[in-house]
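To start, the structure itself, in structure tokens.
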Amino acid sequence: MQTNAQEAKRTSASSREAVERLNTLLRAADENGRPLVMGIVNVTDDSFSGDGLHGDPAAAIAQARAQVGAGADIIDLGAESTRPGAAPVPFQQEIQRLVPVIQALRREAPQALISVDTRNAATMHATAVSGAHLINDISALRGEGSLDAALRTGLPVVLMHMQGEPGSMQQAPQYDDVLREVRDFLGQRIAACRAAGMARDRILIDPGIGFGKTADHNLTLLQRLQALRALGYPLLVGVSRKSFIGTVAREPDAQRRLPGSISAALWAAQQGAKILRVHDVAETVQALDVWQAMTAGSLTVKKPNDSV
Ligand code: 9MG
């Protein structure tokens, strides 16, 4: 049986390793001129994007393994649906769904970093102890106790912009100036994390495409990603199968939005996104291979994991 002191020491060593591994991959991504790929694995009941695995850990493990095989650098595991209109999931259920998947991935795909998509402080703690490497919080650590919990895990965090709550965020999103408001919000959340003692190299930011935004708001943000990069933190962008793609391409079926998703992912890469969050890993990796070779003007395609 481990004492609290032993557990704290082990957790701090593994969180230091997580920060180092993520930053090594981000540096490799910079050197190679291509973003990292984060595969989406949803252990949820939701099947809006055709990605819900009905809370089945074995299916989640198989999907994550396949994504790592297809070239994902990071796997983002979520147990609470964040699609518009979704209801919150109790943290006990979230932990119950996530922990077995994290433990299996640590054993079976040790080369991949494991991200946990959660807004709950208790889930942040439990999944960090189980071996997660990154916290992806769509509410940018504004939930009760979540900034403190994330801080104590020692893990890197993704701070995402969202207007409102998933249940109602798409009802009437409104901004005077979406770019300024998203940039100011992210700046304030960075400042809150830094003031609480979080190191610079633990923070990533995300404009939150589709979270309390119309198609026009999303397009403005994607057009001006450079202005968010100017905040000085690595930018994660998730466009995969999102509704603005359906609006632009007149495609109501989320599962038929792969071409639009790849087009938007390459645009984000061109604007300097450092991590792309995607459902279709193999297809996105192939698109990035060709984009990278064309950018370099040579046949050399170096992937982040080649250099680490
Ligand atoms: C959980 N989730 C769904 N969409 C997302 C996005 O665009 N970014 C991040 N960080 N998480 C997301």
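Chain labels follow the order of the structure tokens: the first chain is A, the next B, and so on; residue numbering restarts at 1 in every chain, and ligands are counted from 1 in their shown order.
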Closest-contact table, chain A side, partner ligand 1, 10 Å, counting only C-alpha atoms and all ligand atoms, as a tab-separated table:
```
residue	atom	partner	partner_atom_place_in_ligand_line	distance
A:Met38	CA	ligand 1	10 (N)	9.8
A:Ile40	CA	ligand 1	1 (C)	8.3
A:Val41	CA	ligand 1	1 (C)	9.8
A:Asn42	CA	ligand 1	1 (C)	8.9
A:Asp76	CA	ligand 1	1 (C)	8.0
A:Leu77	CA	ligand 1	1 (C)	8.6
A:Gly78	CA	ligand 1	1 (C)	6.9
A:Ala79	CA	ligand 1	1 (C)	9.6
A:Glu80	CA	ligand 1	1 (C)	8.6
A:Ser81	CA	ligand 1	1 (C)	7.8
A:Thr82	CA	ligand 1	1 (C)	6.0
A:Arg83	CA	ligand 1	3 (C)	7.3
A:Ser115	CA	ligand 1	10 (N)	9.8
A:Val116	CA	ligand 1	1 (C)	8.9
A:Asp117	CA	ligand 1	1 (C)	5.5
A:Thr118	CA	ligand 1	1 (C)	7.8
A:Arg119	CA	ligand 1	1 (C)	9.7
A:Ile135	CA	ligand 1	10 (N)	9.2
A:Asn136	CA	ligand 1	10 (N)	5.5
A:Asp137	CA	ligand 1	10 (N)	6.6
A:Ile138	CA	ligand 1	11 (N)	5.6
A:Ser139	CA	ligand 1	10 (N)	9.3
A:Ala140	CA	ligand 1	10 (N)	9.2
A:Val157	CA	ligand 1	10 (N)	9.4
A:Val158	CA	ligand 1	10 (N)	6.1
A:Leu159	CA	ligand 1	10 (N)	7.1
A:Met160	CA	ligand 1	10 (N)	5.6
A:His161	CA	ligand 1	8 (N)	8.6
A:Met162	CA	ligand 1	6 (C)	9.6
A:Leu204	CA	ligand 1	10 (N)	9.1
A:Ile205	CA	ligand 1	10 (N)	7.9
A:Asp206	CA	ligand 1	10 (N)	5.8
A:Pro207	CA	ligand 1	7 (O)	7.4
A:Gly208	CA	ligand 1	7 (O)	4.7
A:Ile209	CA	ligand 1	7 (O)	5.1
A:Gly210	CA	ligand 1	7 (O)	7.0
A:Phe211	CA	ligand 1	7 (O)	7.6
A:Leu235	CA	ligand 1	10 (N)	9.5
A:Leu236	CA	ligand 1	10 (N)	6.5
A:Val237	CA	ligand 1	7 (O)	5.6
A:Gly238	CA	ligand 1	7 (O)	3.5
A:Val239	CA	ligand 1	7 (O)	6.0
A:Ser240	CA	ligand 1	7 (O)	8.0
A:Arg241	CA	ligand 1	4 (N)	9.8
A:Lys242	CA	ligand 1	4 (N)	8.3
A:Ile275	CA	ligand 1	10 (N)	9.5
A:Leu276	CA	ligand 1	8 (N)	8.7
A:Arg277	CA	ligand 1	8 (N)	6.7
A:Val278	CA	ligand 1	7 (O)	9.0
```
Keeping only C-alpha atoms, write the selected residues to a file as a short mmCIF file (atom, residue, chain, number, x, y, z; two decimals), in the first residue's frame.
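So the final result, stored in selection_26.cif, reads:
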```cif
data_model
loop_
_atom_site.label_atom_id
_atom_site.label_comp_id
_atom_site.auth_asym_id
_atom_site.auth_seq_id
_atom_site.Cartn_x
_atom_site.Cartn_y
_atom_site.Cartn_z
CA MET A 38 -4.83 14.40 -31.49
CA ILE A 40 -10.76 11.79 -30.57
CA VAL A 41 -12.04 8.81 -28.60
CA ASN A 42 -15.44 9.41 -27.03
CA ASP A 76 -8.14 12.69 -26.33
CA LEU A 77 -10.47 10.59 -24.19
CA GLY A 78 -13.86 11.99 -23.26
CA ALA A 79 -16.68 10.47 -21.26
CA GLU A 80 -19.04 13.44 -21.27
CA SER A 81 -20.58 14.54 -24.54
CA THR A 82 -19.85 18.21 -25.29
CA ARG A 83 -22.06 18.46 -28.34
CA SER A 115 -5.37 13.61 -22.90
CA VAL A 116 -8.55 13.68 -20.82
CA ASP A 117 -11.44 15.87 -21.93
CA THR A 118 -13.10 16.83 -18.65
CA ARG A 119 -14.48 19.80 -16.71
CA ILE A 135 -6.05 17.85 -19.26
CA ASN A 136 -8.35 19.22 -21.97
CA ASP A 137 -10.94 21.47 -20.31
CA ILE A 138 -13.57 23.05 -22.56
CA SER A 139 -14.39 25.48 -19.75
CA ALA A 140 -10.77 26.61 -19.32
CA VAL A 157 -3.72 21.89 -19.66
CA VAL A 158 -5.71 23.02 -22.70
CA LEU A 159 -7.66 26.22 -21.98
CA MET A 160 -10.57 26.44 -24.42
CA HIS A 161 -12.97 29.31 -25.08
CA MET A 162 -16.68 28.57 -24.77
CA LEU A 204 -2.06 25.43 -24.37
CA ILE A 205 -4.94 27.49 -25.77
CA ASP A 206 -7.88 26.81 -28.07
CA PRO A 207 -10.48 29.13 -29.68
CA GLY A 208 -13.22 26.52 -29.12
CA ILE A 209 -14.59 26.26 -32.64
CA GLY A 210 -18.34 25.50 -32.41
CA PHE A 211 -18.66 26.28 -28.70
CA LEU A 235 -2.64 26.63 -30.26
CA LEU A 236 -4.90 23.57 -30.42
CA VAL A 237 -7.71 23.66 -32.99
CA GLY A 238 -10.66 21.26 -33.34
CA VAL A 239 -12.71 21.53 -36.52
CA SER A 240 -13.41 17.87 -37.22
CA ARG A 241 -17.01 17.19 -38.40
CA LYS A 242 -18.21 20.44 -36.78
CA ILE A 275 -2.26 20.43 -32.45
CA LEU A 276 -5.22 19.32 -34.58
CA ARG A 277 -8.02 17.48 -32.77
CA VAL A 278 -9.57 15.04 -35.26
#
```
Which of segment 3-230 of chain A end up as strand (DSSP E or B) when DSSP is run on this backbone - answer as a PDB file with N, CA and C atoms, in the first residue's frame?
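Below is the file that was written, selection-v9.pdb:
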```pdb
ATOM      1  N   LEU A  36       0.911  18.453 -34.480  1.00  0.00           N
ATOM      2  CA  LEU A  36       0.630  17.136 -33.901  1.00  0.00           C
ATOM      3  C   LEU A  36      -0.830  16.787 -34.191  1.00  0.00           C
ATOM      4  N   VAL A  37      -1.093  15.481 -34.181  1.00  0.00           N
ATOM      5  CA  VAL A  37      -2.476  15.028 -34.398  1.00  0.00           C
ATOM      6  C   VAL A  37      -3.006  14.407 -33.114  1.00  0.00           C
ATOM      7  N   MET A  38      -4.158  14.928 -32.687  1.00  0.00           N
ATOM      8  CA  MET A  38      -4.834  14.404 -31.487  1.00  0.00           C
ATOM      9  C   MET A  38      -6.072  13.652 -31.949  1.00  0.00           C
ATOM     10  N   GLY A  39      -6.126  12.347 -31.710  1.00  0.00           N
ATOM     11  CA  GLY A  39      -7.285  11.541 -32.105  1.00  0.00           C
ATOM     12  C   GLY A  39      -8.369  11.619 -31.036  1.00  0.00           C
ATOM     13  N   ILE A  40      -9.614  11.681 -31.487  1.00  0.00           N
ATOM     14  CA  ILE A  40     -10.758  11.790 -30.568  1.00  0.00           C
ATOM     15  C   ILE A  40     -11.315  10.405 -30.267  1.00  0.00           C
ATOM     16  N   VAL A  41     -11.392  10.069 -28.992  1.00  0.00           N
ATOM     17  CA  VAL A  41     -12.042   8.814 -28.595  1.00  0.00           C
ATOM     18  C   VAL A  41     -13.090   9.164 -27.547  1.00  0.00           C
ATOM     19  N   ASN A  42     -14.348   9.046 -27.930  1.00  0.00           N
ATOM     20  CA  ASN A  42     -15.438   9.407 -27.027  1.00  0.00           C
ATOM     21  C   ASN A  42     -16.070   8.172 -26.410  1.00  0.00           C
ATOM     22  N   GLY A  52     -19.619   8.055 -30.786  1.00  0.00           N
ATOM     23  CA  GLY A  52     -19.918   7.598 -29.419  1.00  0.00           C
ATOM     24  C   GLY A  52     -19.711   6.097 -29.314  1.00  0.00           C
ATOM     25  N   ILE A  74      -1.398  12.076 -29.897  1.00  0.00           N
ATOM     26  CA  ILE A  74      -2.126  12.242 -28.628  1.00  0.00           C
ATOM     27  C   ILE A  74      -3.508  11.628 -28.823  1.00  0.00           C
ATOM     28  N   ILE A  75      -4.022  10.978 -27.770  1.00  0.00           N
ATOM     29  CA  ILE A  75      -5.405  10.487 -27.811  1.00  0.00           C
ATOM     30  C   ILE A  75      -6.193  11.299 -26.787  1.00  0.00           C
ATOM     31  N   ASP A  76      -7.298  11.907 -27.240  1.00  0.00           N
ATOM     32  CA  ASP A  76      -8.140  12.690 -26.328  1.00  0.00           C
ATOM     33  C   ASP A  76      -9.345  11.847 -25.939  1.00  0.00           C
ATOM     34  N   LEU A  77      -9.390  11.446 -24.683  1.00  0.00           N
ATOM     35  CA  LEU A  77     -10.469  10.586 -24.193  1.00  0.00           C
ATOM     36  C   LEU A  77     -11.530  11.433 -23.503  1.00  0.00           C
ATOM     37  N   GLY A  78     -12.778  11.251 -23.910  1.00  0.00           N
ATOM     38  CA  GLY A  78     -13.861  11.994 -23.260  1.00  0.00           C
ATOM     39  C   GLY A  78     -14.975  11.056 -22.860  1.00  0.00           C
ATOM     40  N   LEU A 113       0.581  10.128 -26.105  1.00  0.00           N
ATOM     41  CA  LEU A 113       0.194  10.902 -24.924  1.00  0.00           C
ATOM     42  C   LEU A 113      -1.322  10.788 -24.763  1.00  0.00           C
ATOM     43  N   ILE A 114      -1.754  10.719 -23.517  1.00  0.00           N
ATOM     44  CA  ILE A 114      -3.189  10.557 -23.242  1.00  0.00           C
ATOM     45  C   ILE A 114      -3.744  11.853 -22.652  1.00  0.00           C
ATOM     46  N   SER A 115      -4.715  12.393 -23.360  1.00  0.00           N
ATOM     47  CA  SER A 115      -5.373  13.613 -22.902  1.00  0.00           C
ATOM     48  C   SER A 115      -6.753  13.226 -22.368  1.00  0.00           C
ATOM     49  N   VAL A 116      -7.212  13.955 -21.346  1.00  0.00           N
ATOM     50  CA  VAL A 116      -8.546  13.684 -20.822  1.00  0.00           C
ATOM     51  C   VAL A 116      -9.396  14.941 -20.980  1.00  0.00           C
ATOM     52  N   ASP A 117     -10.502  14.775 -21.688  1.00  0.00           N
ATOM     53  CA  ASP A 117     -11.440  15.873 -21.935  1.00  0.00           C
ATOM     54  C   ASP A 117     -12.434  15.883 -20.776  1.00  0.00           C
ATOM     55  N   LEU A 134      -2.365  14.852 -20.034  1.00  0.00           N
ATOM     56  CA  LEU A 134      -2.813  16.197 -20.423  1.00  0.00           C
ATOM     57  C   LEU A 134      -4.279  16.356 -20.035  1.00  0.00           C
ATOM     58  N   ILE A 135      -4.645  17.566 -19.580  1.00  0.00           N
ATOM     59  CA  ILE A 135      -6.054  17.854 -19.259  1.00  0.00           C
ATOM     60  C   ILE A 135      -6.608  18.799 -20.330  1.00  0.00           C
ATOM     61  N   ASN A 136      -7.701  18.401 -20.949  1.00  0.00           N
ATOM     62  CA  ASN A 136      -8.355  19.221 -21.971  1.00  0.00           C
ATOM     63  C   ASN A 136      -9.683  19.699 -21.404  1.00  0.00           C
ATOM     64  N   ASP A 137      -9.730  20.978 -20.977  1.00  0.00           N
ATOM     65  CA  ASP A 137     -10.939  21.472 -20.312  1.00  0.00           C
ATOM     66  C   ASP A 137     -11.639  22.512 -21.181  1.00  0.00           C
ATOM     67  N   VAL A 157      -2.273  21.693 -19.506  1.00  0.00           N
ATOM     68  CA  VAL A 157      -3.722  21.892 -19.657  1.00  0.00           C
ATOM     69  C   VAL A 157      -4.031  22.613 -20.963  1.00  0.00           C
ATOM     70  N   VAL A 158      -5.190  22.268 -21.548  1.00  0.00           N
ATOM     71  CA  VAL A 158      -5.709  23.024 -22.700  1.00  0.00           C
ATOM     72  C   VAL A 158      -6.806  23.929 -22.163  1.00  0.00           C
ATOM     73  N   LEU A 159      -6.646  25.237 -22.385  1.00  0.00           N
ATOM     74  CA  LEU A 159      -7.661  26.216 -21.978  1.00  0.00           C
ATOM     75  C   LEU A 159      -8.471  26.579 -23.216  1.00  0.00           C
ATOM     76  N   MET A 160      -9.750  26.201 -23.224  1.00  0.00           N
ATOM     77  CA  MET A 160     -10.571  26.435 -24.420  1.00  0.00           C
ATOM     78  C   MET A 160     -11.615  27.514 -24.171  1.00  0.00           C
ATOM     79  N   ILE A 203       0.789  25.272 -20.470  1.00  0.00           N
ATOM     80  CA  ILE A 203      -0.460  25.881 -20.949  1.00  0.00           C
ATOM     81  C   ILE A 203      -0.570  25.851 -22.472  1.00  0.00           C
ATOM     82  N   LEU A 204      -1.711  25.370 -22.947  1.00  0.00           N
ATOM     83  CA  LEU A 204      -2.059  25.434 -24.370  1.00  0.00           C
ATOM     84  C   LEU A 204      -3.407  26.148 -24.471  1.00  0.00           C
ATOM     85  N   ILE A 205      -3.673  26.756 -25.629  1.00  0.00           N
ATOM     86  CA  ILE A 205      -4.938  27.492 -25.773  1.00  0.00           C
ATOM     87  C   ILE A 205      -5.699  27.035 -27.020  1.00  0.00           C
ATOM     88  N   ASP A 206      -6.998  27.333 -27.021  1.00  0.00           N
ATOM     89  CA  ASP A 206      -7.880  26.807 -28.067  1.00  0.00           C
ATOM     90  C   ASP A 206      -9.069  27.759 -28.244  1.00  0.00           C
TER      91      ASP A 206
END
```
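Here the question is which of A:Gln103, A:Ser261, A:Thr284, A:Gln292 gets nearest to Val248 of chain A using only C-alpha atoms, and that residue is A:Ser261.
Of the residues under consideration (A:Arg34, A:Arg202, A:Arg224, A:Lys302), A:Arg224 shows the shortest atom-to-atom contact distance to Arg180 of chain A when counting only C-alpha atoms.
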Non-local contacts of Gly154 of chain A (9 Å; only C-alpha atoms; under 6 positions in same chain excluded) as an mmCIF file with N, CA and C atoms, in the first residue's frame:
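Saved file selection_8.cif follows:
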```cif
data_model
loop_
_atom_site.group_PDB
_atom_site.id
_atom_site.type_symbol
_atom_site.label_atom_id
_atom_site.label_comp_id
_atom_site.auth_asym_id
_atom_site.auth_seq_id
_atom_site.Cartn_x
_atom_site.Cartn_y
_atom_site.Cartn_z
ATOM 1 N N THR A 11 3.482 10.831 -8.539
ATOM 2 C CA THR A 11 2.658 11.658 -9.425
ATOM 3 C C THR A 11 3.470 12.835 -9.937
ATOM 4 N N SER A 12 4.307 13.401 -9.057
ATOM 5 C CA SER A 12 5.047 14.575 -9.524
ATOM 6 C C SER A 12 6.105 14.173 -10.547
ATOM 7 N N SER A 14 5.788 11.652 -12.664
ATOM 8 C CA SER A 14 5.143 11.340 -13.944
ATOM 9 C C SER A 14 4.542 12.591 -14.574
ATOM 10 N N SER A 15 4.155 13.581 -13.769
ATOM 11 C CA SER A 15 3.646 14.802 -14.408
ATOM 12 C C SER A 15 4.790 15.600 -15.027
ATOM 13 N N ARG A 16 5.961 15.589 -14.390
ATOM 14 C CA ARG A 16 7.124 16.257 -15.022
ATOM 15 C C ARG A 16 7.435 15.607 -16.361
ATOM 16 N N ALA A 18 5.324 14.037 -18.248
ATOM 17 C CA ALA A 18 4.259 14.396 -19.211
ATOM 18 C C ALA A 18 4.530 15.765 -19.817
ATOM 19 N N VAL A 19 4.920 16.733 -18.988
ATOM 20 C CA VAL A 19 5.196 18.091 -19.493
ATOM 21 C C VAL A 19 6.367 18.032 -20.472
ATOM 22 N N ALA A 128 -5.335 11.730 -13.637
ATOM 23 C CA ALA A 128 -3.895 12.023 -13.538
ATOM 24 C C ALA A 128 -3.203 10.903 -12.770
ATOM 25 N N MET A 198 0.969 28.169 -12.171
ATOM 26 C CA MET A 198 1.175 27.181 -13.244
ATOM 27 C C MET A 198 2.290 27.666 -14.182
ATOM 28 N N ARG A 202 3.127 24.566 -19.312
ATOM 29 C CA ARG A 202 2.002 23.651 -19.070
ATOM 30 C C ARG A 202 0.723 24.161 -19.728
#
```
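You will find atom CA of Ala132 of chain A at 22.6 Å from atom CA of Lys303 of chain A.
One distance worth recording is that between atom CA of Ile245 of chain A and atom CA of Gln170 of chain A, which is 15.1 Å.
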Query - Residue list (alpha helix (DSSP H), DSSP) for segment 176-304 of chain A, as a ChimeraX atom specification - result: /A:178-195,215-223,225-229,243-249,258-270,281-296
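The spacing separating atom CA of Tyr233 of chain A from atom CA of Asn23 of chain A amounts to 11.5 Å.
Nearest to Pro35 of chain A of all the residues A:Asp73, A:Asp216, A:Ala60, A:Cys193 is A:Asp73, based on only C-alpha atoms.
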Report task. Might you pull out every residue within 8 Å of Gln163 of chain A, with only C-alpha atoms counted and same-chain residues fewer than 3 positions away left off, and present them as a PyMOL selection string? Result -> chain A and resi 169+173+211-213
Requested in this report: Check the smallest atom-to-atom distance from each of A:Lys274, A:Arg65, A:Arg27, A:His125 to Arg229 of chain A using only C-alpha atoms, then report the winner.
Outcome: A:Lys274
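Among the candidates A:Ala199, A:Val178, A:Ala59, A:Ala109, the one nearest to Leu155 of chain A when counting only C-alpha atoms is A:Ala199.
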